[in-house]
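Written below as structure tokens is the structure these notes are about.
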Amino acid sequence: MEGTPAVETTTVSAFDVSGHPDTARLVLSSPKPPGVREELVGVVRKAFLPRASGGGGAGRPPPSRWGWALTALQSVFPVLQWGRTYSFKSFKSDVMAGLTLASLGIPQSIGYANLAKLDPQYGLYTSVVPPLIYAVMGTSREIAIGPVAVVSLLLSSMVSKIVDPAADPATYRALVFTVTFLAGVFQVSFGLFRLGFLVDFLSHAAIVGFMAGAAIVIGLQQLKGLLGLSHFTNSTDIVSVIKAVCSALRDPWHPGNFLIGCSFLIFILSTRFIGRRYKKLFWLSAISPLLSVILSTAAVYATRADRHGVKIIQRVHAGLNPSSAGQLRLSGPYTVDCAKTAIICAVIALTEAIAVGRSFASIRGYKLDGNKEMIAMGCSNVAGSLSSCYVATGSFSRTAVNFSAGARSTVSNIVMSITVFIALELLMKSLYYTPVAVLASIILSALPGLIDIKEAFSIWKVDKMDFLTCLGAFVGVLFGSVEIGLAVALAISFAKIIIQSLRPQVEVLGRLQGTSIFCSIRQYPVACRIPAVLTIRIDTSFLCFINSTFIKERIVEWIRDEVETPDEKSRERVQSLVLDMSNVVNIDTSGISALEEIHKELVSLGIQMAIASPGWQAIQKMKMAGVVDRVGGDWIFLTVGEAVEACVTLQKGTVLEC
């Protein structure tokens with residue numbers, strides 16, 4: 001009728017509370033949830049028994065023994081799947097991308113080896129074997145595998161604390177290979193046992209802060225090469241580095257190193273600007289590091305600048321990667337320290353690689369398999385550790401070049417690997433006069449991409465606690481060490497989780513007029529309370545020892561306030577409490593005790609308790625603990641609406657008003 005008031009009044013039909021609607025019976029009759037044993041068996045089964053595509057379905061015969069074998073092989077080696085449809089057109093694109101990638105990868109690999117305190121050839125070795133292994137096992141089509149700045153810094157800073165690379169370079173190399181082997185084993189384990197959540201312990205905010213701090217530390221470390229300093233500190237904190245630079249500058253130094261480094265740094269950054277401004281000239285920024293090496297080497301050779309104080313890299317060993325299997329130190333005094341370093345390197349390397357892979361996969365419109373990526377990365381590093389390589393992962397700068405160059409598959413990694421191998425065989429003698437300063441400039445040119453100031457401002461704007469995590473990682477790396485930065489970030493992240501678990505939201509709910517939707521009256525002020533019924537929602541997935549006391553005290557406090565000061569609008573005393581447990585997935589004995597105490601308090605005040613939509617494991621434990629019997633099976637409901645309707649009916653014809 002026209003002129004009907006906006007506020008709707010719905011009369012509730014009387015019904016026997018003991019006779020639940022069919023939906024409400026589902027709560028108490030749900031099957032037993034899977035236990036810990038079943039969950040573990042399921043994880044192992046998914047890891048080791050891949051599903052056959054098309055086999056075992058309704059009306060289909062189960063896969064044969066050979067079918068299972070082929071499926072398992074395709075799961076481990078995705079190249080067997082996409083290789084069947086690989087075209088010559090894609091191959092041409094991959095060859096061009098691989099050659100472009102090699103032109104950037106060769107000088108970068110030499111520079112990163114220097115950052116890792118290894119001889120130049122070890123960076124090149126790392127660009128040969130790991131990319132080949134990843135090419136047949138990885139699922140990302142664009143990612144470029146090889147040494148990266150952050151992992152190189154991690155290795156040099158942490159392994160240097162175990163053995164001084166200047167005093168005992170052979171043992172230092174052996175420990176680097178051992179760390180690489182163990183990092184690979186950890187990565188494979190993460191993939192096989194679906195432990196990818198360990199990588200997620202480093203939040204996005206922590207990674208942003210860590211990368212920015214690491215970039216500044218790496219840049220400061222390059223002052224040694226840029227200034228041609230002979231003596232420098234092994235410490236990575238900013239205070240120690242500045243002290244080392246000030247101390248070294250008192251000694252004689254040749255300005256030619258600084259001139260060469262700055263000149264080619266400007267050249268590389270200029271070509272990068274041109275490449276971004278004019279997309280068709282992207283190749284110019286890709287080859288600029290290689291051009292810098294060629295031009296600077298030729299200039300030093302022509303002028304014999306090495307005789308006047310310009311530092312050069314001198315001899316670079318040529319040839320295929322030598323075996324390093326005999327150098328692994330899997331037992332002895334260094335094993336525990338190597339394992340600690342390896343777990344950090346494994347997590348950081350996976351975090352960077354998966355983030356890079358997913359970024360470009362989303363652009364191309366396909367999904368990256370995180371667990372397969374972990375296995376592929378792990379196998380690449382295990383194989384690399386046996387062939388004189390250190391920890392490899394996906395590089396953002398090289399992946400961006402690979403993508404821009406038109407890479408269609410991991411074949412571009414194979415082409416790059418072959419090109420680097422040819423360079424190792426034929427071109428190493430020509431690198432004798434390459435100035436160290438130009439390697440420093442190549443590393444410095446890659447660092448701006450690691451500092452994301454815009455994202456840091458966004459984190460500050462959205463979540464102040466996340467920004468504190470970001471800032472903690474940044475300051476920890478900058479003024480402490482890489483390990484301290486990671487530890488601070490993890491500590492703040494866990495503190496955030498604990499604080500939120502200690503004091504979860506407990507909300508009073510109201511009904512939106514004309515609907516059966518109940519929501520927080522604080523978030524939605526238009527929602528209105530049901531007279532004589534207090535509806536409360538617990539916003540935590542696990543009602544447990546850490547938060548049960550807080551939740552119980554909050555609810556009891558509300559109940560007492562309602563009893564002492566009835567609702568001002570209706571002036572009716574609260575007669576029923578509806579506890580919305582739709583967010584409570586699980587509960588422990590402390591949580592059960594809290595529910596029992598709430599129920600006792602309500603009984604003493606003459607208030608009926610109803611529970612709505614408890615989680616699967618929560619309701620099973622409540623049944624076993626006898627909570628359901630105490631509250632009454634007739635007062636367990638599937639939805640808040642049903643629970644409120646039953647409470648209103650109990651009050652003998654009260655109408656549901658909003």
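Identifiers in this document derive from the order of the structure tokens: chains are assigned A, B, ..., residues are numbered from 1 separately in each chain, and ligands are numbered from 1 in order of occurrence.
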Quiz item: So which bits of segment 307-423 of chain A end up helix (DSSP H, G or I) when you DSSP the backbone, as a PyMOL selection string?
Solution: chain A and resi 307-308+325-327+335-364+370-385+396-404+411-423
Closest pair table for segment 161-214 of chain A residues within 8 Å of segment 339-363 of chain A, only C-alpha atoms, as a Markdown table:
| residue | atom | partner | partner_atom | distance |
| --- | --- | --- | --- | --- |
| A:Val179 | CA | A:Ala342 | CA | 4.9 |
| A:Thr180 | CA | A:Ala342 | CA | 6.7 |
| A:Leu182 | CA | A:Ala342 | CA | 5.7 |
| A:Ala183 | CA | A:Ala342 | CA | 4.5 |
| A:Gly184 | CA | A:Ala346 | CA | 7.0 |
| A:Phe186 | CA | A:Ala346 | CA | 6.7 |
| A:Gln187 | CA | A:Ala346 | CA | 6.1 |
| A:Leu198 | CA | A:Val347 | CA | 7.7 |
| A:Val199 | CA | A:Val347 | CA | 5.7 |
Self-check item: Shell of 10 Å around Ile459 of chain A, only C-alpha atoms, local chain residues under 5 positions omitted, as a PyMOL selection string
Solution: chain A and resi 204-205+208+453-454+464-470
Within 8 Å of segment 150-170 of chain A, which residues of segment 245-343 of chain A come that close, and what is the closest atom pair and distance in Å for each? Count only C-alpha atoms and give it as CSV.
residue,atom,partner,partner_atom,distance
A:Tyr334,CA,A:Ile162,CA,7.6
A:Asp337,CA,A:Ile162,CA,7.4
A:Cys338,CA,A:Val159,CA,7.6
A:Thr341,CA,A:Met158,CA,6.5
Residues just named, written with N, CA and C atoms as a PDB file, in the first residue's frame:
ATOM      1  N   TYR A 334      81.757 -26.453  10.264  1.00  0.00           N
ATOM      2  CA  TYR A 334      81.055 -25.367   9.577  1.00  0.00           C
ATOM      3  C   TYR A 334      79.629 -25.733   9.158  1.00  0.00           C
ATOM      4  N   ASP A 337      76.596 -23.623  10.685  1.00  0.00           N
ATOM      5  CA  ASP A 337      76.611 -22.244  10.191  1.00  0.00           C
ATOM      6  C   ASP A 337      76.193 -22.182   8.726  1.00  0.00           C
ATOM      7  N   CYS A 338      76.641 -23.150   7.946  1.00  0.00           N
ATOM      8  CA  CYS A 338      76.254 -23.201   6.523  1.00  0.00           C
ATOM      9  C   CYS A 338      74.751 -23.430   6.374  1.00  0.00           C
ATOM     10  N   THR A 341      72.865 -20.187   7.080  1.00  0.00           N
ATOM     11  CA  THR A 341      72.973 -19.284   5.927  1.00  0.00           C
ATOM     12  C   THR A 341      72.119 -19.783   4.772  1.00  0.00           C
TER      13      THR A 341
END
Quiz prompt | Atom-to-atom span, atom CA of Leu281 of chain A and atom CA of Val401 of chain A, Å | solution = 11.4 Å
